[in-house]
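model29.csv (CSV, C-alpha atoms) appears below.
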chain,number,residue,atom,x,y,z
L,1,MET,CA,1.5,6.6,12.3
L,2,HIS,CA,1.0,8.2,8.9
L,3,GLU,CA,-2.0,10.2,10.1
L,4,TYR,CA,0.3,13.1,10.8
L,5,PRO,CA,1.4,13.9,7.3
L,6,ILE,CA,-2.0,13.1,5.9
L,7,THR,CA,-3.7,15.5,8.4
L,8,LYS,CA,-1.2,18.1,7.2
L,9,ARG,CA,-2.4,17.5,3.7
L,10,ILE,CA,-6.0,17.8,4.7
L,11,ILE,CA,-5.3,21.2,6.1
L,12,GLU,CA,-3.3,22.3,3.0
L,13,VAL,CA,-6.1,21.2,0.6
L,14,SER,CA,-8.7,23.0,2.7
L,15,GLU,CA,-6.6,26.2,2.7
L,16,GLU,CA,-6.1,26.0,-1.0
L,17,PHE,CA,-9.9,25.8,-1.6
L,18,ALA,CA,-10.6,28.5,1.0
L,19,LYS,CA,-8.1,30.9,-0.7
L,20,LYS,CA,-9.5,30.1,-4.1
L,21,ASN,CA,-12.9,31.3,-2.8
L,22,ASN,CA,-11.4,34.3,-1.1
L,23,VAL,CA,-12.2,33.1,2.4
L,24,ASP,CA,-9.9,33.6,5.3
L,25,GLN,CA,-11.5,31.2,7.9
L,26,VAL,CA,-12.5,27.6,7.6
L,27,LYS,CA,-15.2,26.6,10.1
L,28,GLN,CA,-15.6,22.9,9.2
L,29,ILE,CA,-14.0,20.3,7.1
L,30,ASN,CA,-16.1,17.4,5.9
L,31,LEU,CA,-14.0,14.3,5.3
L,32,VAL,CA,-15.1,10.9,4.0
L,33,VAL,CA,-13.0,8.1,5.4
L,34,GLY,CA,-13.6,4.4,4.4
L,35,ASP,CA,-12.7,1.9,7.1
L,36,TYR,CA,-10.4,0.2,4.6
L,37,SER,CA,-8.5,3.3,3.8
L,38,GLY,CA,-6.1,2.5,6.6
L,39,TYR,CA,-6.7,5.7,8.5
L,40,VAL,CA,-7.7,6.0,12.0
L,41,ALA,CA,-10.3,8.7,12.4
L,42,SER,CA,-9.5,9.4,16.0
L,43,SER,CA,-5.8,9.9,15.2
L,44,ILE,CA,-6.6,12.4,12.5
L,45,GLU,CA,-8.7,14.2,15.1
L,46,LEU,CA,-5.9,14.1,17.5
L,47,TYR,CA,-3.4,15.7,15.2
L,48,PHE,CA,-5.8,18.1,13.6
L,49,ASP,CA,-6.0,20.8,16.3
L,50,LEU,CA,-2.3,20.7,16.7
L,51,ILE,CA,-1.5,21.2,13.0
L,52,ALA,CA,-4.3,23.6,12.3
L,53,GLU,CA,-3.1,26.0,15.0
L,54,ASP,CA,-1.0,28.1,12.6
L,55,SER,CA,-3.5,27.9,9.6
L,56,ILE,CA,-6.8,29.4,8.6
L,57,CYS,CA,-8.3,26.1,9.7
L,58,LYS,CA,-7.6,27.0,13.4
L,59,GLY,CA,-10.6,26.1,15.5
L,60,ALA,CA,-12.4,24.4,12.6
L,61,ALA,CA,-14.5,21.4,13.3
L,62,LEU,CA,-13.5,18.2,11.6
L,63,HIS,CA,-16.5,16.1,10.5
L,64,ILE,CA,-15.6,12.6,9.5
L,65,GLU,CA,-18.2,10.5,7.6
L,66,ARG,CA,-17.1,6.9,7.9
L,67,VAL,CA,-17.8,4.3,5.2
L,68,LYS,CA,-18.2,0.6,6.0
L,69,PRO,CA,-16.5,-1.6,3.4
L,70,LYS,CA,-18.7,-3.7,1.2
L,71,LEU,CA,-18.1,-6.8,-0.8
L,72,LYS,CA,-20.0,-7.7,-4.0
L,73,CYS,CA,-21.3,-11.3,-4.3
L,74,THR,CA,-19.9,-12.9,-7.4
L,75,SER,CA,-23.0,-15.1,-7.7
L,76,CYS,CA,-26.0,-12.8,-7.0
L,77,GLY,CA,-24.4,-9.3,-7.3
L,78,GLN,CA,-25.6,-8.2,-3.8
L,79,LEU,CA,-23.4,-5.7,-2.0
L,80,PHE,CA,-22.9,-6.7,1.6
L,81,GLU,CA,-20.7,-6.0,4.7
L,82,ARG,CA,-18.1,-8.6,5.4
L,83,LYS,CA,-18.3,-10.6,8.6
L,84,PRO,CA,-14.9,-11.1,10.2
L,85,PHE,CA,-12.9,-14.0,8.8
L,86,GLU,CA,-15.3,-14.8,5.9
L,87,PHE,CA,-16.4,-13.5,2.5
L,88,THR,CA,-19.7,-15.4,2.3
L,89,CYS,CA,-22.8,-13.6,0.9
L,90,PRO,CA,-25.6,-13.5,3.5
L,91,LEU,CA,-28.3,-13.8,0.7
L,92,CYS,CA,-27.1,-16.7,-1.4
L,93,GLU,CA,-24.0,-18.0,0.4
L,94,GLY,CA,-21.9,-17.2,-2.7
L,95,GLU,CA,-18.5,-15.6,-2.4
L,96,GLY,CA,-18.0,-11.8,-2.2
L,97,GLU,CA,-15.2,-9.9,-3.9
L,98,PRO,CA,-13.8,-6.5,-2.8
L,99,THR,CA,-15.2,-3.3,-4.1
L,100,ASP,CA,-14.0,0.3,-3.8
L,101,ILE,CA,-16.6,0.9,-1.1
L,102,GLY,CA,-14.7,1.4,2.1
L,103,GLN,CA,-11.5,2.6,0.6
L,104,GLU,CA,-12.5,6.3,0.3
L,105,PHE,CA,-10.4,9.0,1.7
L,106,TYR,CA,-11.3,12.4,0.4
L,107,ILE,CA,-12.3,15.9,1.4
L,108,LYS,CA,-16.0,16.2,0.5
L,109,SER,CA,-16.3,19.9,1.3
L,110,ILE,CA,-15.3,22.8,3.6
L,111,GLU,CA,-17.7,25.0,5.4
L,112,VAL,CA,-16.7,28.7,5.7
E,113,MET,CA,-22.6,35.2,9.1
E,114,SER,CA,-24.7,32.8,11.2
E,115,GLU,CA,-24.7,29.9,8.9
E,116,ASN,CA,-21.8,28.2,7.2
E,117,ASN,CA,-21.3,28.3,3.5
E,118,GLU,CA,-20.3,25.0,2.0
E,119,ILE,CA,-17.7,24.8,-0.7
E,120,GLU,CA,-17.4,21.5,-2.5
E,121,VAL,CA,-13.9,20.1,-2.6
E,122,MET,CA,-14.2,16.4,-3.5
E,123,GLN,CA,-10.5,15.9,-3.6
E,124,SER,CA,-8.6,12.8,-2.6
E,125,VAL,CA,-6.1,13.4,0.2
E,126,TYR,CA,-3.7,11.1,-1.7
E,127,ASP,CA,-3.7,13.4,-4.8
E,128,LYS,CA,-0.1,14.7,-4.4
E,129,ASN,CA,1.4,11.3,-3.8
E,130,ASP,CA,-0.5,9.8,-6.7
E,131,GLU,CA,0.5,12.5,-9.0
E,132,VAL,CA,4.2,12.1,-8.2
E,133,ALA,CA,3.8,8.3,-8.4
E,134,GLN,CA,2.4,8.6,-11.9
E,135,GLN,CA,5.3,10.8,-13.0
E,136,ILE,CA,7.8,8.3,-11.6
E,137,ASN,CA,6.0,5.4,-13.3
E,138,GLN,CA,6.1,7.2,-16.6
E,139,GLN,CA,9.8,8.1,-16.2
E,140,LEU,CA,10.7,4.5,-15.4
E,141,THR,CA,8.6,3.1,-18.2
E,142,GLU,CA,10.4,5.4,-20.7
E,143,LYS,CA,13.7,4.2,-19.5
E,144,GLY,CA,12.7,0.5,-19.9
E,145,ILE,CA,12.7,-0.2,-16.2
E,146,PHE,CA,10.2,-2.6,-14.6
E,147,ALA,CA,9.5,-1.5,-11.0
E,148,VAL,CA,8.4,-4.0,-8.4
E,149,ASN,CA,7.0,-2.8,-5.0
E,150,VAL,CA,8.0,-5.5,-2.5
E,151,MET,CA,5.6,-5.7,0.4
E,152,GLY,CA,5.4,-7.9,3.5
E,153,ALA,CA,5.6,-8.0,7.3
E,154,PRO,CA,9.0,-7.7,9.0
E,155,GLY,CA,10.9,-10.9,8.8
E,156,VAL,CA,9.1,-12.6,6.0
E,157,GLY,CA,12.3,-12.6,3.9
E,158,LYS,CA,11.9,-9.7,1.6
E,159,THR,CA,15.6,-9.1,1.2
E,160,SER,CA,16.6,-12.8,1.0
E,161,SER,CA,13.9,-13.3,-1.6
E,162,LEU,CA,15.2,-10.4,-3.6
E,163,ILE,CA,18.7,-11.9,-3.5
E,164,GLN,CA,17.4,-15.2,-4.8
E,165,ILE,CA,15.5,-13.4,-7.7
E,166,ILE,CA,18.4,-11.1,-8.6
E,167,GLN,CA,20.9,-14.0,-8.7
E,168,ARG,CA,18.6,-15.7,-11.3
E,169,LEU,CA,17.9,-12.6,-13.5
E,170,GLY,CA,21.0,-13.3,-15.5
E,171,ASP,CA,21.8,-10.4,-18.0
E,172,VAL,CA,19.0,-8.2,-16.7
E,173,SER,CA,20.3,-5.4,-14.5
E,174,SER,CA,18.8,-5.2,-11.0
E,175,TYR,CA,18.5,-2.2,-8.8
E,176,VAL,CA,17.2,-2.0,-5.3
E,177,ILE,CA,15.7,0.8,-3.2
E,178,GLU,CA,15.8,-0.4,0.4
E,179,GLY,CA,13.2,1.1,2.7
E,180,ASP,CA,13.7,0.7,6.5
E,181,ILE,CA,12.6,2.7,9.5
E,182,GLU,CA,16.3,2.7,10.6
E,183,ALA,CA,19.6,1.1,9.8
E,184,ASP,CA,21.2,0.0,6.5
E,185,ILE,CA,21.7,-3.7,7.2
E,186,ASP,CA,20.0,-4.9,4.1
E,187,THR,CA,21.6,-2.3,1.9
E,188,LYS,CA,25.1,-3.4,3.1
E,189,LYS,CA,24.2,-7.0,2.3
E,190,LEU,CA,23.0,-6.2,-1.2
E,191,LEU,CA,26.0,-3.9,-1.9
E,192,SER,CA,28.4,-6.6,-0.8
E,193,LEU,CA,26.8,-8.9,-3.5
E,194,GLY,CA,27.3,-6.1,-6.1
E,195,VAL,CA,23.7,-5.0,-6.4
E,196,LYS,CA,23.3,-1.3,-6.9
E,197,THR,CA,21.2,-0.3,-3.9
E,198,VAL,CA,20.1,2.9,-2.3
E,199,GLN,CA,18.9,3.2,1.3
E,200,ILE,CA,15.8,5.2,2.4
E,201,ASN,CA,15.3,5.5,6.2
E,202,THR,CA,11.9,6.8,7.1
E,203,ASN,CA,12.8,7.5,10.7
E,204,GLY,CA,9.5,6.2,12.0
E,205,ALA,CA,7.1,6.4,9.0
E,206,CYS,CA,5.4,3.1,8.3
E,207,HIS,CA,5.5,3.1,4.5
E,208,LEU,CA,7.4,4.6,1.5
E,209,ASP,CA,5.7,7.4,-0.4
E,210,SER,CA,6.3,8.6,-3.9
E,211,PRO,CA,8.4,11.8,-3.2
E,212,LEU,CA,10.9,9.6,-1.3
E,213,ILE,CA,11.1,7.2,-4.3
E,214,GLY,CA,11.6,10.1,-6.7
E,215,GLU,CA,14.7,11.2,-4.8
E,216,ALA,CA,16.1,7.7,-4.6
E,217,VAL,CA,15.5,7.0,-8.3
E,218,GLU,CA,17.6,10.1,-9.2
E,219,GLU,CA,20.4,9.0,-6.8
E,220,LEU,CA,20.5,5.5,-8.3
E,221,ASP,CA,21.0,6.6,-11.9
E,222,ILE,CA,19.2,3.6,-13.3
E,223,GLN,CA,19.6,2.3,-16.8
E,224,LYS,CA,17.3,-0.4,-18.3
E,225,GLY,CA,16.4,-3.3,-16.0
E,226,VAL,CA,14.4,-4.2,-12.9
E,227,LEU,CA,14.0,-1.9,-9.9
E,228,PHE,CA,12.9,-3.6,-6.7
E,229,ILE,CA,11.6,-1.2,-4.1
E,230,GLU,CA,11.6,-3.0,-0.7
E,231,ASN,CA,8.9,-1.3,1.3
E,232,ILE,CA,8.8,-1.0,5.0
E,233,GLY,CA,8.1,-4.3,6.8
E,234,ASN,CA,4.4,-3.8,7.4
E,235,LEU,CA,1.3,-5.6,6.1
E,236,VAL,CA,-0.9,-2.5,6.3
E,237,CYS,CA,0.2,0.9,5.0
E,238,PRO,CA,2.5,0.0,2.1
E,239,ALA,CA,-0.6,-1.4,0.2
E,240,GLU,CA,-2.3,2.0,0.4
E,241,PHE,CA,0.3,4.1,-1.4
E,242,GLN,CA,1.3,4.1,-5.1
E,243,ILE,CA,5.0,4.7,-5.4
E,244,GLY,CA,5.4,4.5,-9.1
E,245,GLU,CA,5.7,0.7,-9.4
E,246,HIS,CA,4.4,-1.4,-12.2
E,247,VAL,CA,3.5,-4.3,-9.9
E,248,LYS,CA,3.2,-5.1,-6.2
E,249,MET,CA,4.8,-8.3,-5.0
E,250,LEU,CA,3.5,-9.5,-1.7
E,251,ILE,CA,5.6,-11.9,0.4
E,252,SER,CA,3.7,-13.9,2.9
E,253,THR,CA,5.0,-16.9,4.9
E,254,VAL,CA,3.8,-20.2,6.3
E,255,THR,CA,5.2,-19.1,9.7
E,256,GLU,CA,2.9,-16.1,9.8
E,257,GLY,CA,-0.2,-18.4,9.7
E,258,SER,CA,-2.9,-19.0,7.1
E,259,ASP,CA,-5.3,-16.3,8.5
E,260,LYS,CA,-3.4,-13.3,7.1
E,261,PRO,CA,-5.6,-12.7,4.0
E,262,TYR,CA,-8.6,-12.5,6.4
E,263,LYS,CA,-6.8,-10.1,8.8
E,264,TYR,CA,-4.9,-7.9,6.3
E,265,PRO,CA,-7.1,-8.0,3.2
E,266,LEU,CA,-5.9,-4.9,1.4
E,267,ALA,CA,-2.3,-6.2,0.9
E,268,PHE,CA,-3.6,-9.4,-0.6
E,269,GLU,CA,-6.2,-7.6,-2.7
E,270,LYS,CA,-3.7,-5.2,-4.2
E,271,ALA,CA,-0.9,-7.7,-4.9
E,272,ASP,CA,0.0,-8.6,-8.5
E,273,ILE,CA,2.2,-11.6,-7.5
E,274,ILE,CA,2.2,-13.4,-4.2
E,275,LEU,CA,5.1,-15.5,-2.7
E,276,ILE,CA,4.5,-17.8,0.2
E,277,ASN,CA,8.0,-18.0,1.6
E,278,LYS,CA,9.6,-20.4,4.1
E,279,TRP,CA,7.7,-23.3,2.4
E,280,ASP,CA,10.6,-25.5,3.6
E,281,LEU,CA,9.2,-25.0,7.2
E,282,LEU,CA,5.8,-26.3,6.3
E,283,PRO,CA,6.2,-29.6,8.2
E,284,TYR,CA,7.0,-27.7,11.4
E,285,VAL,CA,4.1,-25.2,11.5
E,286,ASP,CA,0.3,-25.2,11.5
E,287,PHE,CA,-0.4,-23.7,8.1
E,288,ASP,CA,-3.8,-24.5,6.6
E,289,GLU,CA,-3.0,-24.1,2.9
E,290,GLU,CA,-6.7,-24.5,1.8
E,291,TYR,CA,-7.9,-21.8,4.2
E,292,PHE,CA,-5.1,-19.4,3.1
E,293,MET,CA,-5.8,-19.9,-0.6
E,294,LYS,CA,-9.5,-19.5,-0.1
E,295,GLY,CA,-8.9,-16.1,1.6
E,296,VAL,CA,-6.5,-15.0,-1.1
E,297,ARG,CA,-8.8,-16.0,-4.0
E,298,ALA,CA,-11.8,-14.2,-2.4
E,299,LEU,CA,-9.8,-11.0,-2.5
E,300,ASN,CA,-7.7,-11.5,-5.6
E,301,LYS,CA,-8.7,-13.8,-8.4
E,302,THR,CA,-5.7,-13.4,-10.7
E,303,ALA,CA,-2.4,-12.9,-8.8
E,304,PRO,CA,-0.1,-15.9,-9.3
E,305,ILE,CA,1.0,-17.6,-6.1
E,306,PHE,CA,4.4,-19.2,-5.8
E,307,LYS,CA,5.6,-21.4,-3.0
E,308,VAL,CA,9.2,-20.6,-2.2
E,309,ALA,CA,12.0,-20.9,0.3
E,310,SER,CA,14.5,-18.0,0.2
E,311,LYS,CA,16.9,-19.9,2.4
E,312,ASP,CA,17.7,-22.5,-0.2
E,313,GLY,CA,16.2,-20.9,-3.4
E,314,GLN,CA,13.4,-23.5,-3.8
E,315,GLY,CA,10.7,-22.2,-6.2
E,316,PHE,CA,12.4,-19.0,-7.4
E,317,GLU,CA,12.9,-20.2,-11.0
E,318,GLU,CA,9.1,-19.8,-11.6
E,319,VAL,CA,9.1,-16.3,-9.9
E,320,VAL,CA,11.9,-15.2,-12.1
E,321,SER,CA,10.1,-16.5,-15.3
E,322,TRP,CA,7.1,-14.5,-14.3
E,323,ILE,CA,9.2,-11.3,-13.9
E,324,GLN,CA,11.0,-11.9,-17.2
E,325,LYS,CA,7.7,-12.3,-19.0
E,326,HIS,CA,6.6,-9.0,-17.7
E,327,ILE,CA,9.9,-7.2,-18.7
E,328,LYS,CA,9.6,-8.3,-22.4
Go through the file and emit its structure as structure tokens.
Amino acid sequence: MHEYPITKRIIEVSEEFAKKNNVDQVKQINLVVGDYSGYVASSIELYFDLIAEDSICKGAALHIERVKPKLKCTSCGQLFERKPFEFTCPLCEGEGEPTDIGQEFYIKSIEV
Amino acid sequence: MSENNEIEVMQSVYDKNDEVAQQINQQLTEKGIFAVNVMGAPGVGKTSSLIQIIQRLGDVSSYVIEGDIEADIDTKKLLSLGVKTVQINTNGACHLDSPLIGEAVEELDIQKGVLFIENIGNLVCPAEFQIGEHVKMLISTVTEGSDKPYKYPLAFEKADIILINKWDLLPYVDFDEEYFMKGVRALNKTAPIFKVASKDGQGFEEVVSWIQKHIK
């Protein structure tokens, strides 16, 4: 649901950076989206063309780099991907705790 | 130009929201207001828990910002109890964001005290957005089931205080306390967990002591 306003913001930020660099056409936006950011990449794609229509991002490609969330084992320090319904470390069977990996949501770059 | 030129951006899409949230937080802190972002799924008893808390806060003034997609049912209830409350209707949006809170804070004209911001009933999006709060209070229930930390990890990870409401219904539902606690603690080592029943007020004394300690 909140992909609409957030897609608008993606276009705004891209426009700001393009204008700062005296560019009048954005060809690609490179976005980094963690799976725990709560955003659905396909919904952003769906809104993107619609919202970009009246902006200098019209026709731009949206490249989304997805990041799988990782937990850090509190016993051995290993970073690992969580299996559904558990937090157990695959190496030592210790317990994993959340990290920031997988919560990313930022514009990495624009291509002009 | 045949090849694209890349311009580095490295900017969070949350930037504007977070900037406003920080301003609100600072403004509230300066006024001596402790702000609590109340999160939880629809029907967990967010409003009834707030009533139990507010009734026990004694001399401390309480204010509420009520977030709902539509309707003002909870606001009417709180106003009828004499609690200064402002309604925000998001008309479809699944969470409150900081610009919305900024407007509501102005409307409320808050003096010193505790501001409860009842977020939209949703176990997902409210955990992702800062709205100027000092702490996040998550309300879970025995009726929702003990698997919620495993299915909605972010809300449990971000919580500063967790209430397990409807504890009076424990004999009637399948709630595996050990499994629930294990999931919560894997995500969040420090948040205190209180077993409460907003229907009869059981367990709220401890919740209020926790809040009072944080105000001082």
### Message
Can you measure CA of Asn203 in chain E to CA of Leu190 in chain E for me? One decimal in Å is fine.
### Response
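Result for CA of Asn203 in chain E versus CA of Leu190 in chain E: 20.8 Å, one decimal.
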#### Entry: Nearest residue to Asp180 in chain E from the set E:Asp221, E:Glu269, E:Glu230, E:Asp209 (distances using all atoms listed in the file)
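The shortest atom-to-atom distance to Asp180 in chain E comes from E:Glu230.
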### Task
Check the smallest atom-to-atom distance from each of E:Asp184, E:Gly204, E:Leu169, E:Val121 to Trp322 in chain E using all atoms listed in the file, then report the winner.
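Of the candidates, the smallest distance to Trp322 in chain E is held by E:Leu169.
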Counting all atoms listed in the file, what is within 8 Å of range 299-308 of chain E, bar same-chain residues fewer than 2 positions away, as a PDB file with C-alpha atoms, keeping the file's coordinate frame?
ATOM      1  CA  GLU L  97     -15.200  -9.900  -3.900  1.00  0.00           C
ATOM      2  CA  PRO L  98     -13.800  -6.500  -2.800  1.00  0.00           C
TER       3      PRO L  98
ATOM      4  CA  PRO E 261      -5.600 -12.700   4.000  1.00  0.00           C
ATOM      5  CA  PRO E 265      -7.100  -8.000   3.200  1.00  0.00           C
ATOM      6  CA  PHE E 268      -3.600  -9.400  -0.600  1.00  0.00           C
ATOM      7  CA  GLU E 269      -6.200  -7.600  -2.700  1.00  0.00           C
ATOM      8  CA  LYS E 270      -3.700  -5.200  -4.200  1.00  0.00           C
ATOM      9  CA  ALA E 271      -0.900  -7.700  -4.900  1.00  0.00           C
ATOM     10  CA  ASP E 272       0.000  -8.600  -8.500  1.00  0.00           C
ATOM     11  CA  ILE E 273       2.200 -11.600  -7.500  1.00  0.00           C
ATOM     12  CA  ILE E 274       2.200 -13.400  -4.200  1.00  0.00           C
ATOM     13  CA  LEU E 275       5.100 -15.500  -2.700  1.00  0.00           C
ATOM     14  CA  ILE E 276       4.500 -17.800   0.200  1.00  0.00           C
ATOM     15  CA  ASN E 277       8.000 -18.000   1.600  1.00  0.00           C
ATOM     16  CA  LYS E 278       9.600 -20.400   4.100  1.00  0.00           C
ATOM     17  CA  TRP E 279       7.700 -23.300   2.400  1.00  0.00           C
ATOM     18  CA  ASP E 280      10.600 -25.500   3.600  1.00  0.00           C
ATOM     19  CA  GLY E 295      -8.900 -16.100   1.600  1.00  0.00           C
ATOM     20  CA  VAL E 296      -6.500 -15.000  -1.100  1.00  0.00           C
ATOM     21  CA  ARG E 297      -8.800 -16.000  -4.000  1.00  0.00           C
ATOM     22  CA  SER E 310      14.500 -18.000   0.200  1.00  0.00           C
ATOM     23  CA  GLY E 313      16.200 -20.900  -3.400  1.00  0.00           C
ATOM     24  CA  GLN E 314      13.400 -23.500  -3.800  1.00  0.00           C
ATOM     25  CA  GLY E 315      10.700 -22.200  -6.200  1.00  0.00           C
ATOM     26  CA  PHE E 316      12.400 -19.000  -7.400  1.00  0.00           C
ATOM     27  CA  GLU E 318       9.100 -19.800 -11.600  1.00  0.00           C
ATOM     28  CA  VAL E 319       9.100 -16.300  -9.900  1.00  0.00           C
TER      29      VAL E 319
END
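Closest approach to chain E among L:Glu12, L:Asp54, L:Glu45, L:Glu65 is made by L:Glu12 (distances from all atoms listed in the file).
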### Query
Residues of chain L within 10 Å of chain E, using all atoms listed in the file, as JSON, numbers by chain?
{"L": [1, 2, 3, 4, 5, 6, 7, 8, 9, 10, 11, 12, 13, 14, 16, 17, 18, 21, 26, 27, 28, 29, 30, 31, 32, 36, 37, 38, 39, 71, 74, 84, 85, 86, 87, 88, 95, 96, 97, 98, 99, 103, 104, 105, 106, 107, 108, 109, 110, 111, 112]}
### Task
Can you work out the spacing between CA of Val148 in chain E and CA of Leu227 in chain E in Å, to one decimal?
6.2 Å
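Of the listed residues (L:Val67, L:Ile101, L:Cys73, L:Val23), L:Cys73 comes nearest to Cys89 in chain L; the distances count only C-alpha atoms.
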### Message
Just to confirm, what's the straight-line distance from CA of Lys328 in chain E to CA of Gln139 in chain E in Å (one decimal)?
### Response
17.5 Å
### Task
Determine, counting all atoms listed in the file, which protein, DNA and RNA residues have an atom within 8 Å of an atom of Ile222 in chain E; residues of the same chain fewer than 4 positions away are not included. Present the result as a ChimeraX atom specification.
/E:175,217-218
### Contact residues around Leu140 in chain E with only C-alpha atoms at 9 Å, ignoring same-chain residues under 6 positions, as a PyMOL selection string
chain E and resi 146-147+217+222+224+244-245
### Query
Which neighbours of range 153-161 of chain E fall inside 7 Å, counting only C-alpha atoms, when residues of the same chain fewer than 3 positions from it are skipped, and could you give them as a ChimeraX atom specification?
/E:164-165,186,233-235,251-253,310
### Query
Residues at most 12 Å from Asp171 in chain E, counting all atoms listed in the file, excluding those fewer than 2 positions away in the same chain, as a ChimeraX atom specification?
/E:166-169,173-174,224-226,324
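Distance annotation: of L:Val33, L:Leu50, L:Leu91, L:Leu79, the residue with the minimal separation from Ile64 in chain L is L:Val33; atom set is all atoms listed in the file.
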### From E:Ala267, E:Ile327, E:Met293, E:Ala133, residue lying nearest Val172 in chain E [all atoms listed in the file]
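Counting all atoms listed in the file, the residue closest to Val172 in chain E is E:Ile327.
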